[in-house]
file query_10.cif (mmCIF, C-alpha atoms)
data_query
loop_
_atom_site.group_PDB
_atom_site.id
_atom_site.type_symbol
_atom_site.label_atom_id
_atom_site.label_comp_id
_atom_site.auth_asym_id
_atom_site.auth_seq_id
_atom_site.Cartn_x
_atom_site.Cartn_y
_atom_site.Cartn_z
ATOM 1 C CA MET R 1 46.282 -16.413 7.503
ATOM 2 C CA THR R 2 50.050 -16.550 8.103
ATOM 3 C CA ILE R 3 52.300 -16.347 11.148
ATOM 4 C CA LYS R 4 55.671 -14.657 10.689
ATOM 5 C CA ASP R 5 58.850 -14.620 12.736
ATOM 6 C CA ALA R 6 60.609 -11.539 14.003
ATOM 7 C CA ILE R 7 62.291 -10.793 10.653
ATOM 8 C CA GLY R 8 59.119 -11.316 8.574
ATOM 9 C CA THR R 9 59.680 -14.842 7.372
ATOM 10 C CA VAL R 10 56.478 -16.892 7.091
ATOM 11 C CA ILE R 11 56.672 -19.843 9.445
ATOM 12 C CA VAL R 12 53.007 -20.943 9.311
ATOM 13 C CA ASN R 13 50.870 -20.538 6.172
ATOM 14 C CA CYS R 14 47.224 -21.567 6.463
ATOM 15 C CA ASN R 15 46.456 -21.849 2.755
ATOM 16 C CA GLY R 16 42.801 -22.071 1.902
ATOM 17 C CA GLY R 17 41.795 -19.885 4.814
ATOM 18 C CA PHE R 18 39.030 -20.323 7.327
ATOM 19 C CA MET R 19 35.347 -19.819 6.580
ATOM 20 C CA PHE R 20 33.096 -18.484 9.350
ATOM 21 C CA GLN R 21 29.429 -18.961 8.508
ATOM 22 C CA LEU R 22 26.703 -18.159 11.014
ATOM 23 C CA ARG R 23 27.363 -20.353 14.068
ATOM 24 C CA ARG R 24 29.413 -22.920 12.207
ATOM 25 C CA ALA R 25 33.180 -22.456 11.729
ATOM 26 C CA PHE R 26 35.914 -24.559 10.208
ATOM 27 C CA ARG R 27 38.841 -23.935 12.529
ATOM 28 C CA GLY R 28 41.637 -26.099 11.039
ATOM 29 C CA TYR R 29 43.150 -27.297 14.313
ATOM 30 C CA SER R 30 45.855 -29.339 12.528
ATOM 31 C CA ARG R 31 47.442 -26.130 11.238
ATOM 32 C CA PHE R 32 47.798 -24.403 14.623
ATOM 33 C CA ILE R 33 51.325 -23.720 15.921
ATOM 34 C CA LYS R 34 52.071 -24.873 19.434
ATOM 35 C CA ARG R 35 52.473 -22.320 22.213
ATOM 36 C CA SER R 36 55.835 -23.856 23.206
ATOM 37 C CA GLU R 37 57.181 -23.209 19.710
ATOM 38 C CA ILE R 38 56.107 -19.574 19.828
ATOM 39 C CA LEU R 39 57.818 -19.051 23.206
ATOM 40 C CA ASP R 40 61.003 -20.829 22.071
ATOM 41 C CA THR R 41 63.582 -18.028 21.839
ATOM 42 C CA ASN R 42 65.762 -20.131 19.547
ATOM 43 C CA LYS R 43 63.093 -19.972 16.836
ATOM 44 C CA ASN R 44 62.973 -16.156 17.001
ATOM 45 C CA ILE R 45 59.182 -16.007 16.423
ATOM 46 C CA LEU R 46 58.373 -13.236 18.889
ATOM 47 C CA LYS R 47 59.446 -9.682 18.145
ATOM 48 C CA ASP R 48 59.912 -7.638 21.298
ATOM 49 C CA GLY R 49 57.620 -10.114 23.030
ATOM 50 C CA ALA R 50 54.846 -9.716 20.425
ATOM 51 C CA LEU R 51 53.475 -12.249 17.956
ATOM 52 C CA CYS R 52 53.042 -10.978 14.398
ATOM 53 C CA ILE R 53 50.027 -12.474 12.596
ATOM 54 C CA ASP R 54 49.109 -11.404 9.051
ATOM 55 C CA VAL R 55 45.338 -11.870 8.480
ATOM 56 C CA THR R 56 43.427 -11.195 5.254
ATOM 57 C CA ILE R 57 39.649 -11.033 5.766
ATOM 58 C CA GLN R 58 37.205 -11.222 2.870
ATOM 59 C CA VAL R 59 33.521 -10.556 3.545
ATOM 60 C CA LYS R 60 31.082 -12.185 1.164
ATOM 61 C CA PRO R 61 27.915 -10.095 0.806
ATOM 62 C CA ILE R 62 24.570 -11.848 1.145
ATOM 63 C CA LEU R 63 22.447 -11.006 -1.891
ATOM 64 C CA LYS R 64 18.670 -11.110 -1.761
ATOM 65 C CA GLU R 65 18.516 -13.142 -4.972
ATOM 66 C CA ASP R 66 20.662 -15.809 -3.339
ATOM 67 C CA LEU R 67 18.067 -16.382 -0.630
ATOM 68 C CA TYR R 68 14.808 -18.268 -0.788
ATOM 69 C CA GLU R 69 11.839 -15.937 -0.633
ATOM 70 C CA CYS R 70 8.619 -17.352 0.716
ATOM 71 C CA LYS R 71 5.875 -16.491 -1.746
ATOM 72 C CA PHE R 72 3.007 -17.467 0.502
ATOM 73 C CA SER R 73 2.566 -14.238 2.410
ATOM 74 C CA LEU R 74 -0.337 -13.428 4.699
ATOM 75 C CA ILE R 75 -1.987 -11.490 1.859
ATOM 76 C CA ASN R 76 -1.767 -14.548 -0.412
ATOM 77 C CA LYS R 77 -3.239 -16.736 2.306
ATOM 78 C CA MET R 78 -6.098 -14.317 2.938
ATOM 79 C CA GLU R 79 -6.885 -14.140 -0.755
ATOM 80 C CA ARG R 80 -6.891 -17.931 -1.052
ATOM 81 C CA LEU R 81 -9.151 -18.108 1.996
ATOM 82 C CA LEU R 82 -11.632 -15.759 0.329
ATOM 83 C CA GLN R 83 -11.518 -17.646 -2.961
ATOM 84 C CA SER R 84 -11.919 -21.078 -1.363
ATOM 85 C CA GLY R 85 -14.537 -20.116 1.206
ATOM 86 C CA GLU R 86 -12.982 -22.669 3.557
ATOM 87 C CA ASN R 87 -14.387 -22.493 7.119
ATOM 88 C CA SER R 88 -16.752 -19.697 6.093
ATOM 89 C CA ASP R 89 -19.741 -19.016 8.327
ATOM 90 C CA SER R 90 -21.787 -16.579 6.221
ATOM 91 C CA ILE R 91 -22.982 -16.264 2.645
ATOM 92 C CA PHE R 92 -23.607 -13.173 0.516
ATOM 93 C CA ASN R 93 -25.805 -13.506 -2.568
ATOM 94 C CA VAL R 94 -25.078 -10.783 -5.132
ATOM 95 C CA GLY R 95 -27.008 -11.005 -8.357
ATOM 96 C CA GLY R 96 -27.296 -14.768 -7.960
ATOM 97 C CA GLU R 97 -23.578 -15.226 -7.371
ATOM 98 C CA ILE R 98 -22.570 -16.739 -4.025
ATOM 99 C CA PHE R 99 -19.748 -15.331 -1.876
ATOM 100 C CA LYS R 100 -18.738 -17.372 1.163
ATOM 101 C CA VAL R 101 -17.215 -15.130 3.819
ATOM 102 C CA HIS R 102 -15.881 -15.202 7.374
ATOM 103 C CA SER R 103 -17.768 -13.028 9.838
ATOM 104 C CA CYS R 104 -14.706 -12.392 12.042
ATOM 105 C CA ILE R 105 -12.826 -10.871 9.084
ATOM 106 C CA ILE R 106 -15.792 -8.786 7.968
ATOM 107 C CA ASP R 107 -16.314 -7.555 11.536
ATOM 108 C CA ASN R 108 -12.698 -6.457 11.938
ATOM 109 C CA ASN R 109 -11.838 -5.142 8.476
ATOM 110 C CA ALA R 110 -15.097 -3.788 7.067
ATOM 111 C CA SER R 111 -17.522 -1.140 8.217
ATOM 112 C CA SER R 112 -20.464 -1.897 10.460
ATOM 113 C CA ILE R 113 -22.735 -1.403 7.442
ATOM 114 C CA LEU R 114 -21.432 -4.546 5.769
ATOM 115 C CA ALA R 115 -20.901 -6.416 9.040
ATOM 116 C CA ASN R 116 -24.483 -5.835 10.172
ATOM 117 C CA GLN R 117 -25.765 -7.619 7.089
ATOM 118 C CA LEU R 118 -24.180 -10.886 8.166
ATOM 119 C CA ASN R 119 -26.269 -13.754 9.457
ATOM 120 C CA ARG R 120 -24.000 -15.747 11.731
ATOM 121 C CA ASN R 121 -26.619 -18.184 12.966
ATOM 122 C CA ASP R 122 -27.447 -20.029 9.783
ATOM 123 C CA GLN R 123 -24.668 -20.781 7.318
ATOM 124 C CA ASN R 124 -27.159 -21.892 4.672
ATOM 125 C CA THR R 125 -29.033 -18.587 4.619
ATOM 126 C CA ASN R 126 -28.146 -16.313 1.706
ATOM 127 C CA ILE R 127 -27.789 -12.665 2.609
ATOM 128 C CA GLU R 128 -28.925 -10.870 -0.506
ATOM 129 C CA ILE R 129 -27.057 -7.719 -1.515
ATOM 130 C CA GLN R 130 -28.705 -5.423 -4.037
ATOM 131 C CA GLY R 131 -27.564 -2.364 -5.951
ATOM 132 C CA ILE R 132 -24.097 -3.663 -6.762
ATOM 133 C CA SER R 133 -22.694 -5.974 -9.437
ATOM 134 C CA PRO R 134 -20.967 -9.265 -8.510
ATOM 135 C CA GLU R 135 -17.733 -8.066 -10.142
ATOM 136 C CA VAL R 136 -17.552 -4.918 -8.008
ATOM 137 C CA PHE R 137 -18.602 -6.758 -4.843
ATOM 138 C CA ARG R 138 -15.757 -9.213 -5.448
ATOM 139 C CA TYR R 139 -13.293 -6.290 -5.489
ATOM 140 C CA ILE R 140 -14.865 -4.971 -2.276
ATOM 141 C CA LEU R 141 -14.399 -8.298 -0.491
ATOM 142 C CA ARG R 142 -10.867 -8.634 -1.841
ATOM 143 C CA PHE R 143 -9.987 -5.246 -0.387
ATOM 144 C CA VAL R 144 -11.584 -6.165 2.954
ATOM 145 C CA TYR R 145 -9.575 -9.403 3.110
ATOM 146 C CA THR R 146 -6.238 -8.285 1.647
ATOM 147 C CA ASP R 147 -6.181 -4.450 1.575
ATOM 148 C CA ILE R 148 -5.383 -4.686 -2.154
ATOM 149 C CA CYS R 149 -6.843 -2.049 -4.462
ATOM 150 C CA PRO R 150 -8.006 -3.159 -7.923
ATOM 151 C CA CYS R 151 -5.399 -2.731 -10.661
ATOM 152 C CA HIS R 152 -5.488 0.250 -13.000
ATOM 153 C CA SER R 153 -7.347 -1.538 -15.793
ATOM 154 C CA GLU R 154 -10.028 -2.681 -13.342
ATOM 155 C CA VAL R 155 -10.377 0.835 -11.933
ATOM 156 C CA LEU R 156 -10.761 2.261 -15.439
ATOM 157 C CA LYS R 157 -13.504 -0.273 -16.167
ATOM 158 C CA PHE R 158 -15.429 -0.090 -12.878
ATOM 159 C CA GLY R 159 -14.176 3.217 -11.424
ATOM 160 C CA LYS R 160 -17.516 4.897 -10.726
ATOM 161 C CA GLU R 161 -19.101 1.684 -9.421
ATOM 162 C CA LEU R 162 -16.118 1.074 -7.148
ATOM 163 C CA ILE R 163 -16.297 4.573 -5.694
ATOM 164 C CA ASP R 164 -20.042 4.211 -5.142
ATOM 165 C CA ALA R 165 -19.486 0.866 -3.371
ATOM 166 C CA ALA R 166 -16.578 2.226 -1.320
ATOM 167 C CA ASN R 167 -18.828 5.042 -0.107
ATOM 168 C CA ARG R 168 -21.656 2.612 0.552
ATOM 169 C CA TYR R 169 -19.487 0.433 2.795
ATOM 170 C CA GLU R 170 -17.387 3.286 4.201
ATOM 171 C CA LEU R 171 -14.102 1.945 2.799
ATOM 172 C CA ILE R 172 -12.342 5.302 2.714
ATOM 173 C CA GLU R 173 -8.877 3.892 1.984
ATOM 174 C CA LEU R 174 -10.242 2.135 -1.091
ATOM 175 C CA LYS R 175 -12.000 5.270 -2.312
ATOM 176 C CA VAL R 176 -8.842 7.356 -1.939
ATOM 177 C CA ASP R 177 -6.801 4.717 -3.785
ATOM 178 C CA ILE R 178 -9.289 4.690 -6.660
ATOM 179 C CA GLU R 179 -9.256 8.493 -6.848
ATOM 180 C CA ASN R 180 -5.461 8.405 -7.090
ATOM 181 C CA VAL R 181 -5.550 5.820 -9.878
ATOM 182 C CA LEU R 182 -8.106 7.790 -11.912
ATOM 183 C CA ILE R 183 -6.000 10.931 -11.582
ATOM 184 C CA CYS R 184 -2.829 9.117 -12.654
ATOM 185 C CA GLU R 185 -4.615 7.652 -15.680
ATOM 186 C CA ARG R 186 -5.653 11.149 -16.848
ATOM 187 C CA ILE R 187 -9.234 10.131 -17.543
ATOM 188 C CA MET R 188 -10.534 13.658 -18.250
ATOM 189 C CA ASN R 189 -11.385 15.011 -21.678
ATOM 190 C CA ARG R 190 -13.646 17.734 -23.014
ATOM 191 C CA GLU R 191 -16.530 15.308 -23.501
ATOM 192 C CA ASN R 192 -16.598 13.773 -20.018
ATOM 193 C CA VAL R 193 -15.139 16.413 -17.680
ATOM 194 C CA SER R 194 -18.553 17.902 -16.826
ATOM 195 C CA ASP R 195 -19.922 14.505 -15.817
ATOM 196 C CA TRP R 196 -16.817 13.795 -13.723
ATOM 197 C CA ILE R 197 -17.212 17.098 -11.871
ATOM 198 C CA LEU R 198 -20.815 16.271 -10.969
ATOM 199 C CA PHE R 199 -19.978 12.668 -10.077
ATOM 200 C CA ALA R 200 -17.057 13.674 -7.852
ATOM 201 C CA ASP R 201 -19.204 16.272 -6.115
ATOM 202 C CA ALA R 202 -22.038 13.786 -5.492
ATOM 203 C CA GLN R 203 -19.700 11.041 -4.260
ATOM 204 C CA CYS R 204 -17.605 13.367 -2.081
ATOM 205 C CA CYS R 205 -14.358 12.734 -3.965
ATOM 206 C CA PRO R 206 -12.479 16.008 -3.404
ATOM 207 C CA LEU R 207 -9.286 14.995 -5.224
ATOM 208 C CA LEU R 208 -11.189 13.845 -8.299
ATOM 209 C CA LYS R 209 -13.312 16.984 -8.209
ATOM 210 C CA GLU R 210 -10.271 19.239 -7.833
ATOM 211 C CA TYR R 211 -8.586 17.570 -10.807
ATOM 212 C CA ALA R 212 -11.738 17.711 -12.956
ATOM 213 C CA ILE R 213 -12.318 21.393 -12.224
ATOM 214 C CA SER R 214 -8.676 22.200 -13.003
ATOM 215 C CA TYR R 215 -9.084 20.479 -16.363
ATOM 216 C CA PHE R 216 -12.385 22.313 -16.953
ATOM 217 C CA LEU R 217 -10.809 25.717 -16.301
ATOM 218 C CA LEU R 218 -8.294 25.160 -19.103
ATOM 219 C CA ASP R 219 -11.063 25.478 -21.713
ATOM 220 C CA SER R 220 -14.168 26.425 -19.749
ATOM 221 C CA ALA R 221 -15.854 28.551 -22.427
ATOM 222 C CA ASP R 222 -15.875 25.857 -25.121
ATOM 223 C CA ILE R 223 -16.785 23.100 -22.648
ATOM 224 C CA LEU R 224 -19.759 25.065 -21.301
ATOM 225 C CA ARG R 225 -21.054 25.626 -24.829
ATOM 226 C CA SER R 226 -20.993 21.900 -25.584
ATOM 227 C CA GLU R 227 -24.043 19.664 -25.238
ATOM 228 C CA ASN R 228 -22.135 17.429 -22.824
ATOM 229 C CA SER R 229 -22.105 20.172 -20.186
ATOM 230 C CA LYS R 230 -25.892 20.592 -20.052
ATOM 231 C CA ARG R 231 -26.204 18.912 -16.645
ATOM 232 C CA LEU R 232 -23.362 21.017 -15.288
ATOM 233 C CA ARG R 233 -24.998 24.240 -16.484
ATOM 234 C CA GLU R 234 -28.177 23.179 -14.681
ATOM 235 C CA SER R 235 -26.304 22.531 -11.436
ATOM 236 C CA GLY R 236 -26.312 25.981 -9.906
ATOM 237 C CA GLU R 237 -24.351 25.156 -6.753
ATOM 238 C CA VAL R 238 -21.455 23.405 -8.494
ATOM 239 C CA LEU R 239 -21.330 25.974 -11.279
ATOM 240 C CA SER R 240 -21.282 28.764 -8.704
ATOM 241 C CA GLU R 241 -18.325 27.090 -6.972
ATOM 242 C CA ILE R 242 -16.462 26.932 -10.280
ATOM 243 C CA MET R 243 -17.191 30.596 -11.004
ATOM 244 C CA MET R 244 -15.783 31.535 -7.599
ATOM 245 C CA LEU R 245 -12.582 29.643 -8.373
ATOM 246 C CA MET R 246 -12.307 31.413 -11.726
ATOM 247 C CA ALA R 247 -12.725 34.777 -9.997
ATOM 248 C CA ASP R 248 -10.201 34.048 -7.218
ATOM 249 C CA GLY R 249 -7.607 32.467 -9.476
ATOM 250 C CA ASP R 250 -6.104 30.610 -6.506
ATOM 251 C CA GLU R 251 -7.168 27.124 -5.447
ATOM 252 C CA GLY R 252 -5.181 27.315 -2.207
ATOM 253 C CA VAL R 253 -3.866 24.192 -0.491
ATOM 254 C CA THR R 254 -4.453 21.067 -2.574
ATOM 255 C CA VAL R 255 -6.533 18.108 -1.455
ATOM 256 C CA THR R 256 -3.464 15.891 -1.551
ATOM 257 C CA GLU R 257 -1.576 18.205 0.815
ATOM 258 C CA LEU R 258 -4.563 18.373 3.179
ATOM 259 C CA ARG R 259 -4.808 14.583 3.237
ATOM 260 C CA LYS R 260 -1.080 14.208 3.858
ATOM 261 C CA GLN R 261 -1.215 16.552 6.848
ATOM 262 C CA LEU R 262 -4.351 14.895 8.229
ATOM 263 C CA GLY R 263 -2.771 11.478 7.725
ATOM 264 C CA LYS R 264 0.266 12.501 9.771
ATOM 265 C CA LEU R 265 -2.097 13.442 12.597
ATOM 266 C CA ASP R 266 -3.960 10.129 12.183
ATOM 267 C CA LEU R 267 -7.178 11.985 11.340
ATOM 268 C CA ASP R 268 -9.989 11.141 8.912
ATOM 269 C CA VAL R 269 -9.126 11.986 5.287
ATOM 270 C CA ASP R 270 -12.676 11.667 3.946
ATOM 271 C CA GLY R 271 -14.939 14.600 3.164
ATOM 272 C CA SER R 272 -15.082 17.612 0.885
ATOM 273 C CA LYS R 273 -12.084 19.907 0.487
ATOM 274 C CA GLU R 274 -13.734 22.429 2.793
ATOM 275 C CA THR R 275 -14.345 19.727 5.405
ATOM 276 C CA LEU R 276 -10.727 18.551 5.228
ATOM 277 C CA ALA R 277 -9.424 22.103 5.613
ATOM 278 C CA ALA R 278 -11.711 22.764 8.590
ATOM 279 C CA ARG R 279 -10.688 19.472 10.233
ATOM 280 C CA LEU R 280 -7.016 20.298 9.854
ATOM 281 C CA GLU R 281 -7.477 23.837 11.164
ATOM 282 C CA SER R 282 -9.368 22.508 14.190
ATOM 283 C CA ALA R 283 -6.579 20.022 14.924
ATOM 284 C CA LYS R 284 -3.953 22.777 14.714
ATOM 285 C CA ARG R 285 -5.925 24.972 17.146
ATOM 286 C CA GLN R 286 -6.216 22.111 19.619
ATOM 287 C CA ARG R 287 -2.463 21.473 19.473
ATOM 288 C CA THR R 288 -1.802 25.199 19.988
ATOM 289 C CA ASP R 289 -4.146 25.339 22.998
ATOM 290 C CA VAL R 290 -2.349 22.416 24.612
#
call {"tool": "encode", "arguments": {"input": "query_10.cif", "output": "structure tokens"}}
result
Amino acid sequence: MTIKDAIGTVIVNCNGGFMFQLRRAFRGYSRFIKRSEILDTNKNILKDGALCIDVTIQVKPILKEDLYECKFSLINKMERLLQSGENSDSIFNVGGEIFKVHSCIIDNNASSILANQLNRNDQNTNIEIQGISPEVFRYILRFVYTDICPCHSEVLKFGKELIDAANRYELIELKVDIENVLICERIMNRENVSDWILFADAQCCPLLKEYAISYFLLDSADILRSENSKRLRESGEVLSEIMMLMADGDEGVTVTELRKQLGKLDLDVDGSKETLAARLESAKRQRTDV
């Protein structure tokens, strides 16, 4: 910063500048010019009664990489709490493996089906869970505690078990996430597409079913003639649905689009494609009536 006289000559030069940082500032009082000197007409500092100050301002951007980022987020803390079992008040026994849990977290984040299995009165009592492997149950608890879906490799390994467990404990967000992962990983082929259609239909996974049927329609004649499609050929209801799609040639609004619209209205995104469409149509009628 410099102060000039009326003809542009620098009379004060504050070399080095001033740095203003948050609430702290280095003002450099020793380099200030006195008011009496500025008003002294003999020094010819003022021009038409005005003081000319030449200021150069440089703004230093704050980069994210320059800042300290706390790595211990709430999700990390919740995951460590689950792993340590510290202050737990209930115990699940799954295939002989012990899972120490916290009833308040299960009550708030999981469905009543899982919460009702808790025994809050006796911490030493094992609540036995059957029909699910310890590995899959661990993913279920992790999702309940942290809202984290298993990674792609885990979904590919335990996909069907995870969907079955998500349905069992009414964890719809987890089921939808797993459907999305399976679709992105392009798991369908001519040998397994028939089984995936039947599985998706039985587990009420409309996105997975839609994708599997679309794949099936690309080569339906050869797939139906294969031995792998025997169960599909014996499933009259599902096969009839596929034949109707082949005849219409138009699948209409996709499951993803239905779920997006329902999500915007904060409505349930679980159910068959027909159920989702009916739910959305009902919501639109109610908004129109209002």
call {"tool": "closest_atom_pairs", "arguments": {"input": "query_10.cif", "of": "range 105-162 of chain R", "to": "range 180-185 of chain R", "cutoff": "10 Å", "atoms": "all atoms listed in the file", "output": "tab-separated table"}}
result
residue	atom	partner	partner_atom	distance
R:Cys149	CA	R:Val181	CA	9.6
R:Pro150	CA	R:Val181	CA	9.5
R:Cys151	CA	R:Val181	CA	8.6
R:His152	CA	R:Val181	CA	6.4
R:Ser153	CA	R:Glu185	CA	9.6
R:Val155	CA	R:Val181	CA	7.2
R:Leu156	CA	R:Leu182	CA	7.1
R:Gly159	CA	R:Leu182	CA	7.6
R:Lys160	CA	R:Leu182	CA	9.9
call {"tool": "residues_around", "arguments": {"input": "query_10.cif", "residues": "Ile132 in chain R", "least_positions_apart": "6", "cutoff": "8 Å", "atoms": "all atoms listed in the file", "output": "PyMOL selection string"}}
result
chain R and resi 94+161+165
call {"tool": "atom_distance", "arguments": {"input": "query_10.cif", "atom1": "CA of Asn167 in chain R", "atom2": "CA of Ser133 in chain R"}}
result
14.9 Å
call {"tool": "atom_distance", "arguments": {"input": "query_10.cif", "atom1": "CA of Val101 in chain R", "atom2": "CA of Leu82 in chain R"}}
result
6.6 Å
call {"tool": "closest_residue", "arguments": {"input": "query_10.cif", "among": "R:Arg142, R:Arg186, R:Arg259, R:His102", "to": "Tyr211 in chain R", "atoms": "only C-alpha atoms"}}
result
R:Arg186
